$ cat structure06.cif   # mmCIF, C-alpha atoms
data_coords
#
loop_
_atom_site.label_atom_id
_atom_site.label_comp_id
_atom_site.auth_asym_id
_atom_site.auth_seq_id
_atom_site.Cartn_x
_atom_site.Cartn_y
_atom_site.Cartn_z
CA MET A 273 0.00 0.00 0.00
CA GLY A 274 3.01 2.29 0.39
CA TYR A 275 3.12 5.13 2.83
CA GLN A 276 0.91 8.16 2.83
CA VAL A 277 2.12 11.72 2.83
CA LYS A 278 -0.46 14.23 3.88
CA LEU A 279 -0.42 17.94 3.20
CA GLU A 280 -3.11 18.49 5.68
CA VAL A 281 -4.74 15.42 6.99
CA PHE A 282 -7.73 14.64 4.85
CA GLU A 283 -9.34 11.28 5.02
CA GLY A 284 -10.67 11.49 1.50
CA PRO A 285 -12.38 13.83 -0.97
CA LEU A 286 -15.41 14.32 1.28
CA ASP A 287 -13.18 15.30 4.15
CA LEU A 288 -11.33 17.76 1.93
CA LEU A 289 -14.61 19.27 0.75
CA LEU A 290 -15.84 19.67 4.31
CA HIS A 291 -12.59 21.41 5.16
CA LEU A 292 -13.00 23.82 2.23
CA ILE A 293 -16.61 24.47 3.24
CA SER A 294 -15.75 25.18 6.85
CA LYS A 295 -12.90 27.44 5.74
CA ALA A 296 -15.40 29.42 3.67
CA LYS A 297 -17.63 29.54 6.79
CA ILE A 298 -20.75 28.48 4.95
CA ASN A 299 -23.37 25.82 5.47
CA ILE A 300 -23.12 22.64 3.50
CA GLU A 301 -26.38 23.54 1.71
CA ASP A 302 -25.01 26.89 0.58
CA ILE A 303 -21.91 25.68 -1.21
CA SER A 304 -21.06 27.46 -4.41
CA ILE A 305 -19.98 24.70 -6.72
CA SER A 306 -17.77 26.85 -8.90
CA GLU A 307 -15.87 28.27 -5.92
CA ILE A 308 -15.48 24.94 -4.18
CA THR A 309 -14.41 23.29 -7.44
CA ALA A 310 -11.69 25.88 -7.97
CA GLN A 311 -10.34 25.38 -4.45
CA TYR A 312 -10.57 21.64 -4.77
CA MET A 313 -8.60 21.65 -8.01
CA ASP A 314 -6.03 23.98 -6.39
CA TYR A 315 -5.45 21.43 -3.71
CA LEU A 316 -5.02 18.60 -6.20
CA ASN A 317 -2.56 20.73 -8.15
CA GLN A 318 -0.57 21.33 -4.98
CA MET A 319 -0.42 17.62 -4.42
CA GLN A 320 0.69 17.08 -7.97
CA ALA A 321 3.39 19.73 -7.60
CA LEU A 322 4.68 17.87 -4.57
CA ASP A 323 4.71 14.71 -6.66
CA ILE A 324 2.24 13.03 -4.39
CA ASP A 325 0.16 10.28 -5.87
CA ILE A 326 -3.42 11.37 -5.90
CA ALA A 327 -5.77 8.65 -4.83
CA SER A 328 -8.31 7.76 -7.46
CA GLU A 329 -11.16 8.77 -5.13
CA PHE A 330 -9.96 12.37 -5.32
CA MET A 331 -10.03 12.21 -9.10
CA VAL A 332 -13.53 10.78 -9.11
CA MET A 333 -14.67 13.66 -6.92
CA ALA A 334 -12.94 16.17 -9.18
CA ALA A 335 -14.84 14.71 -12.10
CA THR A 336 -18.10 14.87 -10.14
CA LEU A 337 -17.51 18.53 -9.26
CA LEU A 338 -16.70 19.42 -12.86
CA HIS A 339 -19.74 17.53 -14.00
CA ILE A 340 -22.00 19.48 -11.64
CA LYS A 341 -20.36 22.73 -12.71
CA SER A 342 -20.80 22.00 -16.40
CA CYS A 343 -24.41 21.02 -15.87
CA LYS A 344 -25.02 24.44 -14.39
CA LEU A 345 -23.39 26.24 -17.28
CA LEU A 346 -25.31 24.44 -19.97
CA PRO A 347 -28.92 25.25 -20.63
CA LYS A 348 -31.17 22.50 -19.39
CA PRO A 349 -32.37 20.17 -22.12
CA ALA A 350 -36.06 19.75 -22.51
CA GLN A 351 -37.32 17.47 -19.77
CA GLN A 352 -37.35 13.90 -20.88
CA SER A 353 -39.15 11.44 -18.74
CA GLU A 354 -36.23 8.98 -18.55
CA GLU A 355 -33.85 11.73 -17.43
CA GLN A 356 -35.41 12.03 -14.04
CA GLU A 357 -32.02 11.72 -12.34
CA PRO A 358 -31.70 13.41 -9.01
CA ASP A 359 -29.81 16.68 -9.01
CA PRO A 360 -26.11 15.75 -8.68
CA GLN A 361 -25.46 18.79 -6.50
CA GLN A 362 -28.17 17.77 -4.07
CA GLN A 363 -26.74 14.26 -4.10
CA LEU A 364 -23.32 15.58 -3.23
CA ILE A 365 -24.72 17.76 -0.45
CA GLN A 366 -26.54 14.75 0.91
CA ARG A 367 -23.36 12.70 0.91
CA LEU A 368 -21.44 15.47 2.62
CA LYS A 369 -24.07 15.74 5.34
CA GLU A 370 -24.07 11.98 5.87
CA TYR A 371 -20.31 11.90 6.03
CA LYS A 372 -20.18 14.82 8.46
CA LYS A 373 -22.44 12.94 10.87
CA TYR A 374 -20.01 10.05 11.08
CA LYS A 375 -17.00 12.30 11.19
CA ASP A 376 -18.51 13.94 14.28
CA ALA A 377 -19.40 10.57 15.74
CA GLY A 378 -15.78 9.54 15.21
CA GLU A 379 -14.64 12.53 17.19
CA TRP A 380 -17.03 11.65 19.98
CA LEU A 381 -15.61 8.13 20.00
CA HIS A 382 -12.10 9.55 20.14
CA GLU A 383 -12.89 11.50 23.31
CA ARG A 384 -14.42 8.45 24.93
CA TYR A 385 -11.44 6.37 23.92
CA MET A 386 -9.02 8.78 25.58
CA VAL A 387 -10.82 8.23 28.88
CA TYR A 388 -11.63 4.58 28.69
CA SER A 389 -8.34 3.33 27.30
CA ASN A 390 -7.08 4.31 30.73
CA MET A 391 -8.99 1.53 32.41
CA TYR A 392 -7.30 -1.76 33.03
CA SER A 393 -8.62 -5.14 34.05
CA LYS A 394 -6.90 -8.33 35.04
CA LEU A 395 -6.73 -11.71 33.37
CA PRO A 396 -8.94 -14.48 34.72
CA GLU A 397 -7.34 -16.24 37.66
CA GLU A 398 -6.45 -19.82 37.00
CA VAL A 399 -7.91 -21.74 39.88
CA VAL A 400 -6.05 -25.04 39.97
CA ASP A 401 -7.97 -28.15 40.87
CA THR A 402 -6.38 -29.10 44.20
CA GLY A 403 -7.14 -32.76 43.61
CA GLU A 404 -4.06 -33.04 41.44
CA ASP A 405 -1.82 -31.11 43.80
CA ILE A 406 1.37 -32.69 44.99
CA LYS A 407 1.33 -33.22 48.73
CA PHE A 408 4.19 -31.51 50.48
CA SER A 409 3.24 -32.58 53.98
CA ASN A 410 6.09 -35.06 54.47
CA VAL A 411 8.79 -32.99 52.85
CA THR A 412 11.36 -31.50 55.19
CA LYS A 413 14.09 -28.93 54.72
CA GLN A 414 16.57 -31.79 54.61
CA ASP A 415 14.78 -33.36 51.68
CA ILE A 416 15.09 -30.17 49.69
CA ALA A 417 18.76 -29.83 50.58
CA GLN A 418 19.33 -33.46 49.63
CA ALA A 419 17.61 -32.96 46.30
CA MET A 420 19.90 -30.03 45.59
CA MET A 421 22.97 -32.04 46.52
CA ASP A 422 21.92 -34.86 44.23
CA LEU A 423 21.45 -32.43 41.44
CA LEU A 424 24.89 -30.90 41.91
CA LYS A 425 26.48 -34.35 42.10
CA ARG A 426 24.84 -35.37 38.88
CA LYS A 427 25.96 -32.21 37.21
CA ASN A 428 29.56 -32.71 38.34
CA ALA A 429 29.49 -36.30 37.20
CA SER A 430 28.30 -35.37 33.77
CA GLN A 431 30.97 -32.69 33.48
CA GLN A 432 33.72 -35.12 34.45
CA ALA A 433 32.59 -37.65 31.95
CA GLN A 434 33.72 -35.56 29.03
CA PRO A 435 34.62 -35.61 26.25
CA VAL A 436 31.19 -36.77 25.42
CA VAL A 437 30.68 -38.15 22.02
CA ARG A 438 27.13 -38.64 20.97
CA ASN A 439 25.16 -38.65 17.88
CA ILE A 440 22.79 -35.78 17.44
CA LYS A 441 19.63 -37.10 16.03
CA PRO A 442 17.78 -34.86 13.66
CA GLU A 443 14.55 -33.95 15.27
CA THR A 444 11.44 -34.61 13.41
CA ILE A 445 8.51 -32.62 14.62
CA SER A 446 6.55 -31.21 11.80
CA LEU A 447 4.64 -27.98 12.23
CA GLN A 448 1.47 -29.83 11.32
CA ASP A 449 1.94 -32.45 14.00
CA ARG A 450 2.58 -29.78 16.60
CA ILE A 451 -0.54 -27.87 15.56
CA ARG A 452 -2.52 -31.06 15.90
CA GLN A 453 -1.09 -31.69 19.38
CA LEU A 454 -1.76 -28.14 20.52
CA THR A 455 -5.30 -28.27 19.21
CA ALA A 456 -5.87 -31.44 21.20
CA VAL A 457 -4.53 -29.78 24.34
CA LEU A 458 -6.75 -26.74 23.85
CA VAL A 459 -9.84 -28.77 23.10
CA ARG A 460 -9.29 -30.57 26.39
CA ARG A 461 -8.31 -27.62 28.56
CA GLY A 462 -9.75 -24.55 26.89
CA LYS A 463 -6.76 -22.47 27.81
CA VAL A 464 -3.13 -23.01 28.58
CA LEU A 465 -0.06 -20.94 29.40
CA PHE A 466 2.84 -20.86 26.97
CA SER A 467 5.19 -21.91 29.75
CA GLN A 468 3.15 -25.05 30.17
CA LEU A 469 3.63 -25.99 26.53
CA VAL A 470 7.39 -25.68 26.56
CA SER A 471 9.95 -26.27 29.25
CA ASN A 472 13.70 -26.51 29.45
CA LYS A 473 13.74 -30.19 28.76
CA PHE A 474 12.57 -29.54 25.22
CA SER A 475 15.03 -28.67 22.54
CA ARG A 476 15.21 -25.21 21.11
CA LEU A 477 13.83 -26.48 17.82
CA TYR A 478 10.83 -27.95 19.61
CA ILE A 479 10.13 -24.63 21.31
CA ILE A 480 10.45 -22.79 18.02
CA VAL A 481 8.09 -25.19 16.29
CA THR A 482 5.63 -24.74 19.14
CA PHE A 483 5.81 -21.00 18.74
CA LEU A 484 5.39 -21.21 14.96
CA ALA A 485 2.44 -23.53 15.46
CA LEU A 486 0.80 -20.96 17.73
CA LEU A 487 1.40 -18.19 15.21
CA GLU A 488 -0.20 -20.33 12.54
CA MET A 489 -3.16 -21.06 14.78
CA ILE A 490 -3.63 -17.36 15.52
CA ASN A 491 -3.52 -16.70 11.82
CA ARG A 492 -6.21 -19.28 11.21
CA GLY A 493 -8.29 -17.65 13.91
CA TRP A 494 -8.45 -20.73 16.13
CA ILE A 495 -6.95 -19.26 19.23
CA LYS A 496 -6.66 -16.04 21.14
CA VAL A 497 -3.47 -15.11 22.96
CA GLN A 498 -2.95 -12.56 25.65
CA GLN A 499 0.18 -11.25 27.29
CA SER A 500 -0.23 -8.78 30.09
CA ARG A 501 3.17 -7.16 29.55
CA PRO A 502 6.41 -7.78 27.68
CA PHE A 503 8.21 -10.99 28.72
CA SER A 504 5.36 -12.21 30.88
CA ASP A 505 3.73 -15.55 30.27
CA ILE A 506 1.35 -15.89 27.33
CA LEU A 507 -2.18 -17.08 27.91
CA ILE A 508 -3.50 -19.11 25.01
CA GLN A 509 -7.24 -19.59 24.72
CA ARG A 510 -9.36 -21.50 22.31
CA LYS A 511 -11.55 -19.07 20.44
CA GLY A 512 -15.28 -19.01 20.73
CA LEU A 513 -15.25 -20.18 24.34
CA ARG A 514 -17.41 -18.05 26.54
CA TRP A 515 -16.32 -17.39 30.06
CA LYS A 516 -19.07 -19.53 31.40
CA ASN A 517 -17.92 -22.62 29.55
CA ASN A 518 -14.36 -22.64 30.71
CA ARG A 519 -15.18 -22.08 34.31
CA MET B 1068 -27.16 -15.31 53.09
CA GLU B 1069 -27.46 -11.70 54.00
CA GLU B 1070 -27.15 -9.07 51.35
CA GLN B 1071 -23.82 -7.82 52.67
CA GLN B 1072 -22.39 -11.32 52.40
CA MET B 1073 -23.78 -11.85 48.94
CA MET B 1074 -22.22 -8.60 47.80
CA ALA B 1075 -18.90 -9.68 49.27
CA ALA B 1076 -19.12 -13.08 47.55
CA ALA B 1077 -19.99 -11.45 44.24
CA GLU B 1078 -17.05 -9.09 44.61
CA ALA B 1079 -14.74 -12.03 45.23
CA ILE B 1080 -16.03 -13.75 42.09
CA LEU B 1081 -15.56 -10.60 40.05
CA PHE B 1082 -11.99 -10.35 41.28
CA ILE B 1083 -11.14 -13.93 40.36
CA ALA B 1084 -12.93 -13.72 37.01
CA GLY B 1085 -11.12 -10.66 35.69
CA ASP B 1086 -13.23 -10.83 32.53
CA PRO B 1087 -16.82 -9.55 32.48
CA VAL B 1088 -19.07 -11.87 34.50
CA PRO B 1089 -22.62 -12.38 33.21
CA VAL B 1090 -25.29 -11.44 35.76
CA ARG B 1091 -26.90 -14.85 35.36
CA SER B 1092 -23.64 -16.56 36.38
CA ILE B 1093 -23.65 -14.54 39.59
CA ALA B 1094 -27.29 -15.39 40.11
CA GLU B 1095 -26.59 -19.08 39.59
CA VAL B 1096 -23.65 -19.20 41.96
CA LEU B 1097 -25.43 -17.27 44.72
CA ASP B 1098 -28.67 -19.12 44.07
CA ILE B 1099 -30.73 -15.95 43.62
CA ASP B 1100 -32.81 -14.70 40.72
CA VAL B 1101 -31.30 -12.55 38.00
CA ASP B 1102 -33.10 -9.36 39.03
CA THR B 1103 -31.79 -9.63 42.57
CA ALA B 1104 -28.30 -10.35 41.25
CA GLU B 1105 -28.51 -7.28 39.07
CA ARG B 1106 -29.57 -5.09 42.00
CA LEU B 1107 -26.68 -6.53 43.95
CA MET B 1108 -24.21 -5.63 41.21
CA GLU B 1109 -25.54 -2.09 41.00
CA LYS B 1110 -25.05 -1.79 44.76
CA ILE B 1111 -21.47 -2.97 44.50
CA ALA B 1112 -20.86 -0.54 41.66
CA GLU B 1113 -22.30 2.28 43.77
CA ALA B 1114 -20.16 1.31 46.74
CA TYR B 1115 -17.01 1.45 44.64
CA THR B 1116 -17.95 4.83 43.24
CA SER B 1117 -18.94 6.43 46.52
CA GLN B 1118 -15.84 5.24 48.35
CA HIS B 1119 -13.39 6.57 45.77
CA TRP B 1120 -11.20 3.50 45.53
CA GLY B 1121 -9.00 2.73 42.54
CA LEU B 1122 -11.40 0.10 41.22
CA GLN B 1123 -14.83 0.40 39.73
CA LEU B 1124 -17.47 -1.98 38.51
CA ILE B 1125 -18.62 -1.38 34.96
CA ARG B 1126 -21.46 -2.88 33.05
CA ILE B 1127 -21.03 -4.30 29.55
CA ASN B 1128 -24.19 -5.71 28.03
CA ASP B 1129 -25.46 -8.14 30.66
CA ALA B 1130 -22.16 -8.60 32.40
CA TYR B 1131 -20.13 -6.75 35.00
CA GLN B 1132 -16.40 -6.30 35.15
CA LEU B 1133 -14.03 -5.03 37.79
CA VAL B 1134 -11.64 -2.50 36.23
CA THR B 1135 -9.39 0.30 37.41
CA ARG B 1136 -10.58 3.88 37.32
CA PRO B 1137 -9.36 5.82 34.29
CA GLU B 1138 -7.91 8.58 36.49
CA TYR B 1139 -5.19 6.21 37.66
CA GLY B 1140 -4.19 4.76 34.30
CA GLU B 1141 -1.00 6.80 34.32
CA TYR B 1142 0.18 5.16 37.56
CA ILE B 1143 -0.58 1.70 36.23
CA ARG B 1144 1.54 2.44 33.18
CA ARG B 1145 4.36 3.71 35.37
CA PHE B 1146 4.18 0.53 37.42
CA THR B 1147 3.98 -1.90 34.52
CA GLY B 1148 6.15 0.08 32.13
CA ALA B 1149 3.44 -0.36 29.52
CA ALA B 1150 3.09 2.26 26.84
CA LYS B 1151 -0.08 4.27 26.55
CA GLU B 1152 -2.56 2.73 24.19
CA GLN B 1153 -2.20 4.61 20.95
CA SER B 1154 -5.20 6.54 19.89
CA LEU B 1155 -6.95 5.29 16.79
CA SER B 1156 -6.38 7.16 13.55
CA ARG B 1157 -9.19 9.33 12.24
CA ALA B 1158 -9.75 6.88 9.40
CA CYS B 1159 -10.26 4.12 11.95
CA LEU B 1160 -12.53 6.22 14.15
CA GLU B 1161 -14.76 7.22 11.23
CA THR B 1162 -14.94 3.64 10.01
CA LEU B 1163 -15.69 2.44 13.51
CA ALA B 1164 -18.43 5.05 13.91
CA ILE B 1165 -20.08 3.95 10.68
CA ILE B 1166 -19.94 0.30 11.72
CA ALA B 1167 -21.20 1.05 15.23
CA TYR B 1168 -24.24 2.98 14.03
CA ASN B 1169 -25.11 0.84 11.01
CA GLN B 1170 -24.14 -2.67 11.96
CA PRO B 1171 -24.24 -5.12 10.37
CA VAL B 1172 -22.68 -3.29 7.48
CA THR B 1173 -20.53 -4.17 4.46
CA LYS B 1174 -17.24 -2.63 3.44
CA ALA B 1175 -18.90 -1.22 0.33
CA ASP B 1176 -21.45 0.64 2.49
CA ILE B 1177 -18.68 2.10 4.62
CA GLU B 1178 -16.69 3.15 1.59
CA GLN B 1179 -19.75 4.74 0.04
CA LEU B 1180 -20.27 6.84 3.16
CA ARG B 1181 -16.64 7.84 3.59
CA GLY B 1182 -15.81 8.20 -0.08
CA VAL B 1183 -12.51 6.38 0.33
CA LYS B 1184 -11.18 2.87 0.53
CA CYS B 1185 -11.37 1.41 4.01
CA ASP B 1186 -9.40 -1.86 3.76
CA HIS B 1187 -6.64 -0.66 6.01
CA ALA B 1188 -8.94 0.82 8.66
CA ILE B 1189 -11.00 -2.37 8.71
CA ALA B 1190 -7.88 -4.51 9.01
CA VAL B 1191 -6.65 -2.43 11.95
CA LEU B 1192 -10.04 -2.53 13.70
CA LEU B 1193 -10.28 -6.30 13.18
CA GLU B 1194 -6.80 -6.76 14.57
CA LYS B 1195 -7.62 -4.64 17.60
CA ASN B 1196 -10.72 -6.76 18.05
CA LEU B 1197 -12.98 -3.70 18.03
CA ILE B 1198 -15.02 -5.10 15.14
CA ARG B 1199 -15.67 -8.59 13.86
CA GLU B 1200 -17.29 -10.32 10.94
CA VAL B 1201 -20.86 -11.08 11.84
CA GLY B 1202 -21.92 -12.85 8.69
CA ARG B 1203 -22.37 -12.31 4.99
CA LEU B 1204 -24.92 -10.29 3.12
CA ASP B 1205 -27.21 -12.30 0.88
CA ALA B 1206 -26.25 -10.33 -2.21
CA PRO B 1207 -23.99 -10.93 -5.21
CA GLY B 1208 -20.48 -11.71 -4.03
CA LYS B 1209 -21.73 -12.48 -0.53
CA PRO B 1210 -19.91 -9.51 1.02
CA LYS B 1211 -18.82 -9.78 4.64
CA LEU B 1212 -20.84 -7.94 7.24
CA TYR B 1213 -19.12 -6.19 10.11
CA GLY B 1214 -20.30 -5.43 13.62
CA THR B 1215 -18.72 -4.19 16.84
CA THR B 1216 -17.38 -6.41 19.62
CA GLU B 1217 -17.70 -6.39 23.40
CA LEU B 1218 -14.22 -4.96 23.55
CA PHE B 1219 -15.53 -2.03 21.53
CA LEU B 1220 -18.19 -1.35 24.17
CA LYS B 1221 -15.63 -1.62 26.93
CA SER B 1222 -13.02 0.50 25.17
CA PHE B 1223 -15.52 3.31 24.77
CA GLY B 1224 -17.26 2.95 28.11
CA LEU B 1225 -20.59 1.84 26.68
CA SER B 1226 -22.94 -0.55 28.44
CA SER B 1227 -24.57 -1.52 25.19
CA ILE B 1228 -24.76 -0.31 21.62
CA ASP B 1229 -27.89 1.68 22.53
CA ASP B 1230 -25.69 3.91 24.66
CA LEU B 1231 -24.32 5.60 21.55
CA PRO B 1232 -25.62 9.16 21.31
CA PRO B 1233 -28.02 9.84 18.44
CA LEU B 1234 -26.30 11.09 15.30
CA LYS B 1235 -26.61 14.85 14.99
CA PRO B 1236 -28.41 16.08 11.90
CA GLN B 1237 -26.13 18.47 10.05
CA GLN B 1238 -27.00 22.11 9.71
CA ALA B 1239 -24.09 24.48 10.10
CA THR B 1240 -20.54 23.29 9.79
#

$ encode --input "structure06.cif" --output "structure tokens"
Amino acid sequence: MGYQVKLEVFEGPLDLLLHLISKAKINIEDISISEITAQYMDYLNQMQALDIDIASEFMVMAATLLHIKSCKLLPKPAQQSEEQEPDPQQQLIQRLKEYKKYKDAGEWLHERYMVYSNMYSKLPEEVVDTGEDIKFSNVTKQDIAQAMMDLLKRKNASQQAQPVVRNIKPETISLQDRIRQLTAVLVRRGKVLFSQLVSNKFSRLYIIVTFLALLEMINRGWIKVQQSRPFSDILIQRKGLRWKNNR
Amino acid sequence: MEEQQMMAAAEAILFIAGDPVPVRSIAEVLDIDVDTAERLMEKIAEAYTSQHWGLQLIRINDAYQLVTRPEYGEYIRRFTGAAKEQSLSRACLETLAIIAYNQPVTKADIEQLRGVKCDHAIAVLLEKNLIREVGRLDAPGKPKLYGTTELFLKSFGLSSIDDLPPLKPQQAT
């Protein structure tokens, strides 16, 4: 689509016309077509001088204006029954009035947005089913210390055992398979955190494929993802699930 | 349960839910009828407002949601380091206004009203989840119809689409 350069910000030919009308301090009904046409063409010429591409809509409007102007200059032909077209000037005025309504409504929305985009809410709390909780009742401080010692011992052992020669197997997870797996998970659980889908024990490739799978699923409109702030966990939800259903 | 307790329970649910909670869900959980639940929610909303805390209870369609008061948005951004939500471009706002007042509406209708192409504005609004496709018009080409979302209502502080002010007839500019 390229980028847009704007002389003054006009959202289209109607917007430009409204600007010219308000500059002339007249009502929409009272526009003088020849005056407005001249100003309109001036503006297009300015754009052309600046080597700005003029959107086709502006050209269509220019043609419309010139058409209305020429109609006024020419004597009216004898009324023929099939030429009962509505007055193009009245049509244009009608369009301008319609457009102005929505332009104003847009401004009203803008004001509301400035206030209400300042409101924040929180993500739904994940209430874990305690039935599956691990019981910590018999675990003592010593157990934790012991677990840490074991871990360090294992780490040392593996470091001493070098040089390690091993074959690196090419991993074979296809994007499609991963999408299928993730879909299954989401159908079952409704929502899941990204951290729950990947963990350190998975290879980097696996994590990347998971991420790509999620991107693809977003693209297909199957899931909704939310992240409350940069680097925080990502909540992945199946789309179309109402709050009530995933309670 | 006494009313005070029911209000407290409802508040707790609203806190856990985060998202808007339908009145009927509250009614179900508290085992009361929907009208009573609704009165309860209005009372909670009033309490939040009159006590000037940082939270408020807002209504979106037939659901209520606990959100922060707009006055304190700046502090939340300072705390979270989040950037201020960028305002929508005028093209987007005009497009959104046309959709909001005329939904369901096709792209061609919007473009006719605005006199310019609206693909980009529609794409942005769809991405921001302010509008969605609500179906297709039974006309040649089966054009898509667009309507606003719940997020639209929330983002603009509207309880329902009927909350939009009537369009002003144009006289002077």

$ resolve_selection --input "structure06.cif" --expression "the PyMOL selection byres ((chain B and resi 1173-1180) around 10)" --output "PyMOL selection string"
(chain A and resi 286+367-372+374) or (chain B and resi 1161-1166+1169-1172+1181-1186+1189+1200+1202-1204+1209-1214)

$ closest_atom_pairs --input "structure06.cif" --of "chain A" --to "chain B" --cutoff "8 Å" --atoms "all atoms listed in the file" --output "tab-separated table"
residue	atom	partner	partner_atom	distance
A:Glu283	CA	B:Ala1158	CA	6.2
A:Gly284	CA	B:Val1183	CA	5.6
A:Pro285	CA	B:Gly1182	CA	6.7
A:Leu286	CA	B:Gly1182	CA	6.3
A:Ile293	CA	B:Thr1240	CA	7.7
A:Ser294	CA	B:Thr1240	CA	5.9
A:Lys297	CA	B:Thr1240	CA	7.5
A:Ile298	CA	B:Thr1240	CA	7.1
A:Asn299	CA	B:Ala1239	CA	4.9
A:Ile300	CA	B:Thr1240	CA	6.8
A:Glu329	CA	B:Val1183	CA	6.1
A:Arg367	CA	B:Leu1180	CA	7.0
A:Lys369	CA	B:Gln1237	CA	5.8
A:Glu370	CA	B:Leu1180	CA	6.9
A:Tyr371	CA	B:Leu1180	CA	5.8
A:Lys372	CA	B:Gln1237	CA	7.2
A:Lys373	CA	B:Leu1234	CA	6.2
A:Tyr374	CA	B:Ala1164	CA	6.0
A:Lys375	CA	B:Glu1161	CA	5.6
A:Ala377	CA	B:Ala1164	CA	5.9
A:Gly378	CA	B:Glu1161	CA	4.7
A:Glu379	CA	B:Leu1160	CA	7.3
A:Leu381	CA	B:Phe1223	CA	6.8
A:His382	CA	B:Leu1160	CA	6.9
A:Arg384	CA	B:Phe1223	CA	5.3
A:Tyr385	CA	B:Phe1223	CA	5.2
A:Met386	CA	B:Ser1154	CA	7.2
A:Val387	CA	B:Pro1137	CA	6.1
A:Tyr388	CA	B:Ser1222	CA	5.6
A:Ser389	CA	B:Ser1222	CA	5.9
A:Asn390	CA	B:Pro1137	CA	4.5
A:Met391	CA	B:Pro1137	CA	4.7
A:Tyr392	CA	B:Thr1135	CA	5.3
A:Ser393	CA	B:Val1134	CA	4.6
A:Lys394	CA	B:Gly1085	CA	4.9
A:Leu395	CA	B:Gly1085	CA	5.1
A:Pro396	CA	B:Gly1085	CA	4.5
A:Glu397	CA	B:Ile1083	CA	5.2
A:Arg501	CA	B:Ala1149	CA	6.8
A:Trp515	CA	B:Val1088	CA	7.6
A:Lys516	CA	B:Ser1092	CA	7.4

$ residues_around --input "structure06.cif" --residues "B:Glu1069" --least-positions-apart "6" --cutoff "12 Å" --atoms "only C-alpha atoms" --output "ChimeraX atom specification"
/B:1075-1076,1097,1099,1107

$ atom_distance --input "structure06.cif" --atom1 "atom CA of A:Tyr312" --atom2 "atom CA of B:Val1191"
29.6 Å

$ closest_residue --input "structure06.cif" --among "B:Val1101, B:Ala1130, B:Met1108, B:Ala1188" --to "B:Met1073" --atoms "all atoms listed in the file"
B:Met1108

$ atom_distance --input "structure06.cif" --atom1 "atom CA of B:Thr1215" --atom2 "atom CA of A:Trp380"
16.2 Å

$ axis_aligned_box --input "structure06.cif" --around "stretch 368-380 of chain A" --padding-each-side "5 Å" --output "lines of an AutoDock Vina configuration file"
center_x = -19.4
center_y = 12.6
center_z = 11.3
size_x = 19.4
size_y = 16.2
size_z = 27.4

$ atom_distance --input "structure06.cif" --atom1 "atom CA of B:Asn1196" --atom2 "atom CA of A:Trp494"
14.3 Å

$ resolve_selection --input "structure06.cif" --expression "the PyMOL selection byres ((chain A and resi 476-483) around 12)" --output "NGL selection string"
:A and (442-455 or 466-475 or 484-490 or 497 or 506 or 508)

$ decode --input "structure06.cif" --residues "stretch 1181-1192 of chain B" --atoms "N, CA and C atoms" --output "tab-separated table (two decimals), in the first residue's frame"
chain	number	residue	atom	x	y	z
B	1181	ARG	N	-17.85	7.07	3.35
B	1181	ARG	CA	-16.64	7.84	3.59
B	1181	ARG	C	-16.03	8.38	2.30
B	1182	GLY	N	-16.37	7.75	1.18
B	1182	GLY	CA	-15.81	8.20	-0.08
B	1182	GLY	C	-14.37	7.80	-0.31
B	1183	VAL	N	-13.87	6.91	0.51
B	1183	VAL	CA	-12.51	6.38	0.33
B	1183	VAL	C	-12.46	4.91	0.66
B	1184	LYS	N	-11.39	4.28	0.22
B	1184	LYS	CA	-11.18	2.87	0.53
B	1184	LYS	C	-10.97	2.70	2.03
B	1185	CYS	N	-11.46	1.60	2.56
B	1185	CYS	CA	-11.37	1.41	4.01
B	1185	CYS	C	-10.67	0.11	4.40
B	1186	ASP	N	-10.00	-0.55	3.45
B	1186	ASP	CA	-9.40	-1.86	3.76
B	1186	ASP	C	-8.47	-1.78	4.96
B	1187	HIS	N	-7.63	-0.75	4.94
B	1187	HIS	CA	-6.64	-0.66	6.01
B	1187	HIS	C	-7.31	-0.44	7.36
B	1188	ALA	N	-8.24	0.52	7.40
B	1188	ALA	CA	-8.94	0.82	8.66
B	1188	ALA	C	-9.64	-0.43	9.18
B	1189	ILE	N	-10.29	-1.16	8.28
B	1189	ILE	CA	-11.00	-2.37	8.71
B	1189	ILE	C	-10.03	-3.41	9.24
B	1190	ALA	N	-8.89	-3.54	8.55
B	1190	ALA	CA	-7.88	-4.51	9.01
B	1190	ALA	C	-7.39	-4.16	10.41
B	1191	VAL	N	-7.14	-2.87	10.64
B	1191	VAL	CA	-6.65	-2.43	11.95
B	1191	VAL	C	-7.71	-2.70	13.02
B	1192	LEU	N	-8.96	-2.36	12.72
B	1192	LEU	CA	-10.04	-2.53	13.70
B	1192	LEU	C	-10.27	-4.01	14.01
